[in-house]
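Text of the file final.cif, holding mmCIF, C-alpha atoms:
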```cif
data_data
loop_
_atom_site.label_atom_id
_atom_site.label_comp_id
_atom_site.auth_asym_id
_atom_site.auth_seq_id
_atom_site.Cartn_x
_atom_site.Cartn_y
_atom_site.Cartn_z
CA MET A 1 74.45 -8.35 -8.20
CA SER A 2 77.78 -10.00 -7.55
CA GLU A 3 78.78 -13.50 -8.62
CA ARG A 4 78.91 -14.35 -4.92
CA LEU A 5 75.11 -14.38 -4.90
CA LEU A 6 75.13 -16.97 -7.70
CA GLN A 7 77.69 -18.97 -5.74
CA LYS A 8 75.38 -18.98 -2.70
CA ILE A 9 72.50 -20.20 -4.83
CA TRP A 10 74.68 -23.03 -6.19
CA ALA A 11 76.07 -23.94 -2.75
CA LYS A 12 72.58 -24.21 -1.24
CA GLY A 13 71.06 -25.92 -4.29
CA ASP A 14 68.42 -23.19 -4.23
CA PHE A 15 67.07 -23.93 -7.72
CA ARG A 16 65.10 -26.61 -9.52
CA SER A 17 67.38 -29.61 -9.78
CA ASP A 18 65.04 -32.24 -11.24
CA GLU A 19 65.59 -33.32 -14.85
CA LEU A 20 68.62 -31.09 -15.36
CA ARG A 21 70.31 -30.94 -18.72
CA VAL A 22 73.46 -29.11 -19.69
CA GLU A 23 73.45 -26.92 -22.81
CA GLU A 24 75.28 -29.65 -24.71
CA GLY A 25 72.40 -32.08 -24.12
CA PRO A 26 73.34 -34.73 -21.52
CA VAL A 27 71.35 -35.23 -18.31
CA LEU A 28 73.04 -33.79 -15.22
CA LYS A 29 72.72 -34.89 -11.60
CA ILE A 30 74.32 -32.93 -8.77
CA LEU A 31 75.41 -35.30 -6.00
CA SER A 32 77.50 -32.66 -4.21
CA PRO A 33 78.05 -29.00 -5.21
CA GLY A 34 81.65 -29.21 -4.02
CA LYS A 35 83.57 -27.28 -1.37
CA TRP A 36 83.12 -23.53 -1.66
CA ASN A 37 86.50 -21.95 -2.42
CA LEU A 38 86.27 -18.77 -0.35
CA SER A 39 89.94 -18.01 0.13
CA GLU A 40 92.10 -19.47 -2.62
CA GLU A 41 92.44 -18.44 -6.23
CA GLY A 42 90.99 -20.81 -8.77
CA PRO A 43 87.54 -22.33 -9.35
CA ASP A 44 84.63 -21.32 -7.13
CA PHE A 45 83.91 -24.88 -5.95
CA ARG A 46 86.36 -27.75 -5.52
CA ALA A 47 85.74 -31.48 -5.94
CA ALA A 48 82.05 -31.41 -6.85
CA ARG A 49 80.46 -34.83 -7.42
CA LEU A 50 78.29 -34.98 -10.53
CA GLU A 51 76.75 -37.45 -12.93
CA LEU A 52 76.59 -36.72 -16.64
CA ASP A 53 74.34 -39.14 -18.51
CA GLY A 54 74.87 -41.60 -15.65
CA LYS A 55 78.66 -41.31 -15.71
CA PRO A 56 80.13 -40.23 -12.32
CA ILE A 57 82.43 -37.21 -12.45
CA VAL A 58 84.48 -35.49 -9.76
CA GLY A 59 85.77 -32.05 -10.66
CA ASP A 60 85.63 -28.33 -10.00
CA VAL A 61 82.80 -25.91 -10.78
CA GLU A 62 83.20 -22.32 -11.98
CA ILE A 63 80.30 -19.85 -11.86
CA HIS A 64 79.78 -16.76 -14.02
CA PHE A 65 77.01 -14.51 -15.24
CA ARG A 66 77.82 -15.23 -18.91
CA VAL A 67 79.78 -17.81 -20.90
CA SER A 68 82.05 -15.04 -22.24
CA ASP A 69 83.23 -14.25 -18.68
CA TRP A 70 85.34 -17.44 -18.83
CA ARG A 71 87.67 -16.04 -21.47
CA ASN A 72 87.38 -12.45 -20.23
CA HIS A 73 88.81 -13.65 -16.90
CA GLY A 74 91.61 -15.58 -18.62
CA HIS A 75 90.51 -19.01 -17.30
CA HIS A 76 91.18 -20.68 -20.67
CA GLU A 77 94.92 -20.10 -20.16
CA ASN A 78 95.09 -20.62 -16.39
CA PRO A 79 96.16 -24.16 -15.32
CA ALA A 80 94.37 -23.62 -11.97
CA PHE A 81 91.12 -24.21 -13.88
CA LYS A 82 92.17 -27.41 -15.65
CA ARG A 83 89.98 -29.60 -13.37
CA VAL A 84 86.75 -27.68 -14.01
CA ALA A 85 84.07 -30.23 -14.88
CA LEU A 86 81.07 -27.85 -15.11
CA HIS A 87 80.66 -24.22 -16.11
CA VAL A 88 77.55 -22.71 -14.43
CA VAL A 89 76.23 -19.45 -15.90
CA LEU A 90 73.17 -17.32 -15.19
CA PHE A 91 72.24 -16.31 -18.74
CA PRO A 92 71.83 -18.60 -21.77
CA PRO A 93 74.78 -18.28 -24.18
CA SER A 94 74.43 -16.00 -27.18
CA ALA A 95 75.18 -17.19 -30.72
CA GLY A 96 78.66 -15.71 -30.45
CA GLU A 97 79.31 -17.34 -27.09
CA ARG A 98 78.34 -20.74 -28.48
CA LYS A 99 81.20 -20.37 -30.94
CA ALA A 100 83.65 -19.59 -28.12
CA PRO A 101 82.70 -21.86 -25.18
CA ALA A 102 84.68 -22.34 -21.98
CA THR A 103 87.87 -24.31 -22.62
CA VAL A 104 90.51 -25.33 -20.06
CA SER A 105 94.23 -25.17 -20.75
CA SER A 106 94.29 -28.83 -21.91
CA GLY A 107 91.62 -28.14 -24.52
CA PHE A 108 88.76 -29.86 -22.67
CA ARG A 109 85.39 -28.09 -22.89
CA PRO A 110 83.42 -28.37 -19.62
CA PRO A 111 79.65 -28.57 -20.20
CA THR A 112 77.50 -25.53 -19.44
CA LEU A 113 74.54 -25.35 -17.04
CA VAL A 114 72.27 -22.28 -17.34
CA LEU A 115 70.72 -21.24 -14.01
CA LEU A 116 68.20 -18.57 -15.03
CA PRO A 117 65.36 -20.92 -16.08
CA LEU A 118 65.90 -22.97 -12.90
CA LEU A 119 65.59 -20.18 -10.33
CA HIS A 120 62.62 -20.13 -7.97
CA GLU A 121 62.83 -16.34 -7.66
CA SER A 122 64.49 -13.36 -9.32
CA LEU A 123 68.05 -12.46 -8.32
CA GLU A 124 66.69 -9.39 -6.57
CA GLU A 125 64.42 -11.57 -4.47
CA TYR A 126 67.29 -13.94 -3.61
CA ALA A 127 69.40 -10.94 -2.60
CA GLU A 128 66.65 -9.44 -0.45
CA ARG A 129 66.05 -12.74 1.30
CA ASP A 130 69.76 -13.11 1.95
CA ALA A 131 69.93 -9.60 3.39
CA MET A 132 66.99 -10.29 5.71
CA LYS A 133 68.70 -13.41 7.02
CA ALA A 134 71.78 -11.33 7.78
CA LEU A 135 69.66 -8.79 9.65
CA SER A 136 68.17 -11.59 11.75
CA SER A 137 71.52 -13.18 12.56
CA PRO A 138 73.24 -12.95 15.97
CA HIS A 139 75.96 -10.81 14.34
CA ALA A 140 73.58 -8.11 13.05
CA HIS A 141 74.50 -5.90 16.00
CA GLU A 142 77.94 -5.45 14.41
CA ALA A 143 76.32 -3.46 11.60
CA PHE A 144 74.45 -1.36 14.17
CA ALA A 145 77.71 -0.67 16.01
CA ASP A 146 79.47 0.49 12.82
CA TRP A 147 76.71 2.94 12.03
CA LEU A 148 76.38 4.30 15.55
CA GLU A 149 79.99 5.46 15.29
CA LEU A 150 78.96 7.84 12.49
CA PRO A 151 77.44 11.28 13.15
CA LEU A 152 73.64 11.16 12.90
CA GLN A 153 73.53 13.39 9.81
CA GLU A 154 76.07 11.19 8.03
CA ARG A 155 73.97 8.09 8.75
CA GLY A 156 71.02 9.74 7.03
CA SER A 157 73.03 10.92 4.02
CA LYS A 158 74.61 7.48 3.52
CA LEU A 159 71.22 5.75 3.58
CA LEU A 160 69.88 8.37 1.18
CA ALA A 161 72.70 7.58 -1.27
CA LEU A 162 71.89 3.86 -1.01
CA ALA A 163 68.20 4.64 -1.58
CA ARG A 164 69.13 6.59 -4.72
CA GLU A 165 71.14 3.56 -5.90
CA ARG A 166 68.06 1.39 -5.43
CA TRP A 167 65.78 3.87 -7.17
CA GLU A 168 68.08 3.98 -10.20
CA ARG A 169 67.91 0.18 -10.47
CA LYS A 170 64.11 0.22 -10.35
CA LEU A 171 64.01 3.04 -12.91
CA LYS A 172 66.36 1.15 -15.22
CA ALA A 173 64.17 -1.96 -14.95
CA ALA A 174 61.06 0.09 -15.79
CA ARG A 175 62.75 1.61 -18.85
CA ARG A 176 63.87 -1.82 -20.00
CA ARG A 177 60.33 -3.14 -19.63
CA LEU A 178 58.87 -0.26 -21.67
CA LYS A 179 61.46 -0.74 -24.42
CA ALA A 180 60.95 -4.50 -24.70
CA PRO A 181 59.88 -5.82 -28.13
CA ALA A 182 56.15 -5.39 -28.68
CA ALA A 183 55.83 -3.62 -25.30
CA THR A 184 52.88 -1.30 -24.79
CA TRP A 185 52.12 0.94 -21.86
CA PRO A 186 48.93 -0.94 -20.85
CA GLU A 187 50.60 -4.35 -20.96
CA ALA A 188 53.69 -3.15 -19.08
CA CYS A 189 51.43 -1.76 -16.33
CA HIS A 190 49.39 -4.97 -16.32
CA GLN A 191 52.48 -7.14 -15.87
CA VAL A 192 53.97 -4.95 -13.13
CA VAL A 193 50.80 -4.94 -11.03
CA MET A 194 50.27 -8.69 -11.27
CA GLU A 195 53.90 -9.38 -10.35
CA ILE A 196 53.75 -7.08 -7.32
CA LEU A 197 50.47 -8.65 -6.19
CA GLY A 198 52.35 -11.94 -6.03
CA TYR A 199 54.64 -10.56 -3.29
CA ARG A 200 58.12 -12.09 -3.14
CA ARG A 201 57.04 -15.71 -2.84
CA ASN A 202 54.54 -15.83 -5.70
CA ARG A 203 55.90 -13.22 -8.08
CA THR A 204 56.90 -15.78 -10.72
CA PRO A 205 53.54 -17.56 -11.12
CA MET A 206 51.80 -14.18 -11.20
CA ALA A 207 54.22 -13.05 -13.92
CA ASN A 208 53.47 -16.21 -15.89
CA LEU A 209 49.74 -15.49 -15.72
CA ALA A 210 50.28 -11.88 -16.82
CA GLN A 211 52.23 -13.07 -19.86
CA ARG A 212 49.61 -15.68 -20.72
CA HIS A 213 46.58 -13.46 -20.11
CA SER A 214 47.15 -9.95 -21.46
CA LEU A 215 45.17 -7.01 -20.15
CA ALA A 216 43.43 -6.75 -23.52
CA LYS A 217 42.39 -10.40 -23.23
CA LEU A 218 41.07 -9.96 -19.69
CA VAL A 219 39.12 -6.85 -20.73
CA ALA A 220 37.62 -8.58 -23.77
CA LYS A 221 36.87 -12.01 -22.31
CA GLY A 222 36.98 -11.51 -18.56
CA GLY A 223 38.54 -14.01 -16.21
CA HIS A 224 37.89 -16.06 -13.09
CA ALA A 225 40.27 -16.10 -10.15
CA ASP A 226 39.74 -19.83 -9.50
CA ALA A 227 40.57 -20.75 -13.10
CA LEU A 228 43.67 -18.54 -13.20
CA TYR A 229 44.82 -19.92 -9.86
CA LEU A 230 44.57 -23.50 -11.11
CA GLU A 231 46.77 -22.73 -14.13
CA GLU A 232 49.73 -22.30 -11.77
CA ALA A 233 48.53 -24.79 -9.13
CA SER A 234 51.92 -26.46 -8.68
CA ALA A 235 53.87 -23.18 -8.50
CA TRP A 236 52.20 -21.30 -5.65
CA LYS A 237 54.10 -20.99 -2.36
CA LEU A 238 51.55 -20.74 0.40
CA ASN A 239 53.57 -21.44 3.56
CA ALA A 240 53.50 -18.44 5.92
CA VAL A 241 51.25 -16.48 3.50
CA ARG A 242 48.66 -14.50 5.43
CA PRO A 243 45.03 -15.19 4.42
CA ALA A 244 44.59 -11.66 3.07
CA ASN A 245 47.62 -12.13 0.80
CA HIS A 246 46.57 -15.46 -0.67
CA PRO A 247 47.17 -15.30 -4.44
CA LYS A 248 43.57 -16.26 -5.20
CA ILE A 249 42.37 -13.23 -3.23
CA ARG A 250 44.87 -10.95 -4.98
CA LEU A 251 43.81 -12.33 -8.37
CA ASN A 252 40.20 -11.60 -7.55
CA GLN A 253 41.09 -8.03 -6.53
CA TYR A 254 42.90 -7.45 -9.80
CA LEU A 255 40.06 -8.90 -11.88
CA ASN A 256 37.65 -6.57 -10.06
CA LEU A 257 39.92 -3.66 -10.96
CA VAL A 258 40.00 -4.69 -14.64
CA GLN A 259 36.21 -4.94 -14.65
CA LYS A 260 35.66 -1.53 -13.00
CA ARG A 261 38.57 0.32 -14.64
CA PRO A 262 39.54 -1.45 -17.89
CA GLU A 263 41.37 1.74 -18.91
CA TRP A 264 43.31 2.04 -15.64
CA PRO A 265 46.78 2.21 -17.31
CA GLU A 266 45.64 5.22 -19.36
CA ARG A 267 44.42 6.87 -16.16
CA LEU A 268 47.81 6.17 -14.58
CA ALA A 269 49.62 7.73 -17.56
CA ALA A 270 47.60 10.91 -17.07
CA VAL A 271 48.78 11.31 -13.46
CA GLU A 272 51.22 14.17 -12.98
CA PRO A 273 52.88 14.14 -9.54
CA PHE A 274 53.30 17.59 -8.00
CA HIS A 275 56.88 18.90 -8.02
CA SER A 276 57.92 21.21 -5.21
CA LYS A 277 60.45 23.97 -5.82
CA GLN A 278 62.09 23.30 -2.48
CA GLU A 279 65.62 21.90 -2.62
CA ASN A 280 64.73 19.03 -0.30
CA PRO A 281 60.93 18.85 -0.39
CA SER A 282 58.99 17.19 2.40
CA ARG A 283 56.15 14.69 2.13
CA LYS A 284 53.71 17.55 2.67
CA ALA A 285 55.35 19.82 0.08
CA LEU A 286 55.08 17.06 -2.52
CA LYS A 287 51.37 16.60 -1.70
CA LEU A 288 51.83 12.85 -1.42
CA ARG A 289 48.60 12.35 0.49
CA THR A 290 46.66 13.88 -2.42
CA LEU A 291 48.61 11.80 -4.94
CA LYS A 292 47.95 8.61 -3.01
CA GLN A 293 44.24 9.33 -2.91
CA LEU A 294 44.21 9.99 -6.66
CA LEU A 295 46.00 6.71 -7.43
CA SER A 296 43.79 4.75 -5.07
CA GLU A 297 40.45 6.15 -6.19
CA ASP A 298 40.79 7.30 -9.79
CA VAL A 299 43.30 4.71 -11.07
CA LEU A 300 42.64 1.65 -8.91
CA ALA A 301 38.93 2.14 -8.14
CA ASN A 302 39.65 1.54 -4.43
CA GLN A 303 40.40 -2.14 -5.12
CA LEU A 304 43.74 -2.14 -3.29
CA GLY A 305 44.69 -0.59 0.01
CA GLY A 306 46.98 -0.81 3.00
CA THR A 307 50.70 -1.39 2.72
CA ARG A 308 50.26 -3.35 -0.53
CA LEU A 309 49.00 -0.16 -2.19
CA ASP A 310 52.12 1.71 -1.03
CA THR A 311 54.37 -1.08 -2.32
CA LEU A 312 52.54 -1.06 -5.64
CA ILE A 313 53.13 2.67 -5.95
CA THR A 314 56.83 2.60 -4.99
CA ASP A 315 57.83 -0.57 -6.82
CA GLY A 316 55.53 -0.15 -9.82
CA PHE A 317 53.78 3.13 -10.51
CA LEU A 318 56.49 5.69 -9.67
CA PRO A 319 59.29 3.94 -11.63
CA LEU A 320 56.95 3.43 -14.61
CA LEU A 321 55.78 7.06 -14.57
CA ALA A 322 59.35 8.32 -14.28
CA ALA A 323 60.53 6.08 -17.13
CA ARG A 324 57.65 7.25 -19.33
CA SER A 325 57.96 10.99 -18.64
CA ASN A 326 61.71 11.31 -17.89
CA ASN A 327 60.76 13.29 -14.77
CA ASP A 328 62.77 12.77 -11.59
CA LEU A 329 60.33 11.20 -9.15
CA PHE A 330 63.00 10.17 -6.67
CA PRO A 331 61.80 12.72 -4.06
CA HIS A 332 58.30 11.22 -4.24
CA TRP A 333 59.67 7.66 -4.05
CA ARG A 334 62.00 8.57 -1.20
CA HIS A 335 59.32 10.20 1.00
CA TRP A 336 56.54 7.75 0.18
CA TYR A 337 54.80 5.84 2.96
CA PRO A 338 56.33 2.48 4.01
CA GLY A 339 54.93 -0.48 2.14
CA ASP A 340 55.39 -4.17 2.91
CA ALA A 341 58.77 -3.68 4.53
CA PRO A 342 60.33 -6.51 6.57
CA PRO A 343 60.22 -5.59 10.27
CA GLN A 344 63.99 -6.14 10.56
CA LEU A 345 64.56 -2.98 8.51
CA LYS A 346 62.55 -0.83 10.88
CA THR A 347 64.44 -2.37 13.80
CA PHE A 348 67.72 -1.42 12.15
CA LEU A 349 66.57 2.17 11.55
CA LYS A 350 65.54 2.44 15.19
CA GLN A 351 68.89 0.99 16.32
CA ILE A 352 70.81 3.63 14.37
CA GLU A 353 68.44 6.30 15.75
CA LEU A 354 67.05 7.57 12.47
CA ILE A 355 63.37 6.97 13.20
CA THR A 356 63.23 7.60 16.93
CA PRO A 357 60.72 10.26 18.08
CA ARG A 358 63.58 12.77 17.92
CA GLY A 359 65.06 11.34 14.75
CA PRO A 360 65.74 13.60 11.76
CA GLU A 361 63.22 11.84 9.49
CA HIS A 362 59.89 10.04 9.50
CA CYS A 363 59.88 6.37 8.57
CA SER A 364 59.73 6.44 4.79
CA ASN A 365 60.14 4.15 1.81
CA GLY A 366 63.52 5.74 1.04
CA LEU A 367 65.00 4.98 4.46
CA LEU A 368 63.76 1.39 4.34
CA GLN A 369 65.03 0.87 0.78
CA GLY A 370 68.40 2.38 1.68
CA ALA A 371 68.71 0.04 4.66
CA LEU A 372 67.80 -2.93 2.46
CA GLN A 373 70.41 -1.95 -0.14
CA LEU A 374 73.01 -1.61 2.61
CA PHE A 375 72.54 -5.24 3.67
CA ILE A 376 72.30 -6.50 0.09
CA ASN A 377 75.67 -4.83 -0.57
CA ARG A 378 77.17 -6.30 2.60
CA GLU A 379 75.99 -9.81 1.81
CA SER A 380 77.29 -9.66 -1.77
CA LEU A 381 80.87 -8.90 -0.72
#
```

Would you encode the structure as structure tokens?
Amino acid sequence: MSERLLQKIWAKGDFRSDELRVEEGPVLKILSPGKWNLSEEGPDFRAARLELDGKPIVGDVEIHFRVSDWRNHGHHENPAFKRVALHVVLFPPSAGERKAPATVSSGFRPPTLVLLPLLHESLEEYAERDAMKALSSPHAHEAFADWLELPLQERGSKLLALARERWERKLKAARRRLKAPAATWPEACHQVVMEILGYRRNRTPMANLAQRHSLAKLVAKGGHADALYLEEASAWKLNAVRPANHPKIRLNQYLNLVQKRPEWPERLAAVEPFHSKQENPSRKALKLRTLKQLLSEDVLANQLGGTRLDTLITDGFLPLLAARSNNDLFPHWRHWYPGDAPPQLKTFLKQIELITPRGPEHCSNGLLQGALQLFINRESL
């Protein structure tokens, strides 16, 4: 993701802002984020109004992913950054970065605010939400017009390349999860499923529960959906959540799965997706219908269905299986059935004539993911 996404989050105050403290200790209040500097060189935000331990401060704000980016970008020697009063970073500083903090040309060290623990959602979720807003805007037709100027085959190949980009990110995340300290296959699967059952709005509280209640613990001691739900009572986001997607219902479904198939991650590990010898295999050649039935019945004991099952397979199972086996499952991921895709993406694909009755492809996960990546990329520029 680009730093522009972090800048948007800061500009909108889209993070927990109660009881803020900078890394150096003092209490921080944000009275105004400042004016977003979109055109000039220099700090990202001008003339922010802050309070540090009750003392009012007016100054600039610079935003980075890491503390070390400050020196890597040469800000410590650039007089344009001499009025920076706050350095906002995504990740907590490492031990080495603490020894080389941000310093302006006069020698002053602006305090550091770390955003990651304050975010309501993951960066990916922020980016997706931003992209969906762009697709719903009055100017979305401009993107349609650009793509309609391209030959139909080129539209498909460009979206396929964007889908591959998205697949590689999901695969990288799955590998990182499996290589985490003390990671095991069953617990990685357990965490992925619970997070995905939280959808975008409740992914974080579901992840918290998965960390607190391991699969081994749920198998040994069982669990109750009501009790688990209450543990994160203040964190659930229920506005606009359909009754069938209520987190308590999803928790109950998962607990039923654990009770009926306590060894479900081992069953998933034993799944071997069929590989076609065709250069560009179809959904039928890959036997995806058979694979879906196997995952639904043998692995999940028929506890999950509908589009949520397809999302679970594309966002969770296929990346995990590919990371574990080092097999290329991109063709399966690309041709898989659409999951919980925002309707704006299907509208876009229809507008650029890729999923019309005469279109070159059926509506698939790959096309939808490619379209989503397209708008994420556009919004991050």

Problem - Residue IDs satisfying the PyMOL selection byres ((chain A and resi 103) around 9), as an NGL selection string - result: :A and (70-71 or 75-77 or 82 or 100-102 or 104-110)

Problem - Å distance separating atom CA of Arg21 of chain A from atom CA of Lys35 of chain A, one decimal place - result: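 If I compute the distance from atom CA of Arg21 of chain A to atom CA of Lys35 of chain A, I get 22.1 Å.
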
Practice task
Taking the file as shown, find all residues satisfying the PyMOL selection byres ((chain A and resi 123) around 12) and write them as a PyMOL selection string.
Solution key: chain A and resi 1-9+14-15+65+90-91+115-122+124-130+200+204+376+380

Handout entry: All residues 6 Å or closer to Arg49 of chain A, only C-alpha atoms, same chain fewer than 4 positions away omitted, as a list in words
Key = Leu31, Ser32, Ile57 and Val58 of chain A

So that I have them on file, write out the residues from the current selection with C-alpha atoms, as a PDB file, in the coordinates of the input.
```pdb
ATOM      1  CA  LEU A  31      75.410 -35.300  -6.000  1.00  0.00           C
ATOM      2  CA  SER A  32      77.500 -32.660  -4.210  1.00  0.00           C
ATOM      3  CA  ILE A  57      82.430 -37.210 -12.450  1.00  0.00           C
ATOM      4  CA  VAL A  58      84.480 -35.490  -9.760  1.00  0.00           C
TER       5      VAL A  58
END
```

Pick out the residues sitting within 6 Å of segment 190-193 of chain A, and hand them over as a CSV table (one decimal) with C-alpha atoms, in the coordinates of the input; count only C-alpha atoms, and ignore anything fewer than 3 positions along from it in its own chain.
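Final file, selection_2.csv:
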```csv
chain,number,residue,atom,x,y,z
A,187,GLU,CA,50.6,-4.4,-21.0
A,196,ILE,CA,53.8,-7.1,-7.3
A,210,ALA,CA,50.3,-11.9,-16.8
```

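Reported to one decimal place, the separation of atom CA of Trp167 of chain A from atom CA of Val271 of chain A is 19.6 Å.
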
Practice task
Kindly indicate which residue among A:Glu168, A:Asp53, A:Glu97, A:Asp69 lies nearest to Asp328 of chain A, using all atoms listed in the file for the distances.
Solution key: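 Closest candidate: A:Glu168.
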
Practice task
Check what the PyMOL selection byres ((chain A and resi 365) around 10) selects in the file above and give those residues as a PyMOL selection string.
Solution key: chain A and resi 163+310-311+314+332-341+362-364+366-371

Completion exercise
Residue with the minimum atom-to-atom distance to Leu215 of chain A, picked from A:Trp264, A:Lys248, A:Ala285, A:Leu230 with all atoms listed in the file counted, is A:Trp264

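Ranking A:Leu171, A:Gln293, A:Arg46, A:Ala207 by their shortest atom-to-atom distance to Arg83 of chain A, with all atoms listed in the file included, puts A:Arg46 first.
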
Completion exercise
From the list A:Met206, A:Ala48, A:Leu197, A:Ala161, the nearest residue to Asn245 of chain A using all atoms listed in the file is A:Leu197

Problem - 8 Å contact set for segment 141-157 of chain A, all atoms listed in the file, chain neighbours under 2 positions out, as JSON, numbers by chain - result: {"A": [138, 139, 159, 160, 161, 348, 351, 352, 353, 354]}
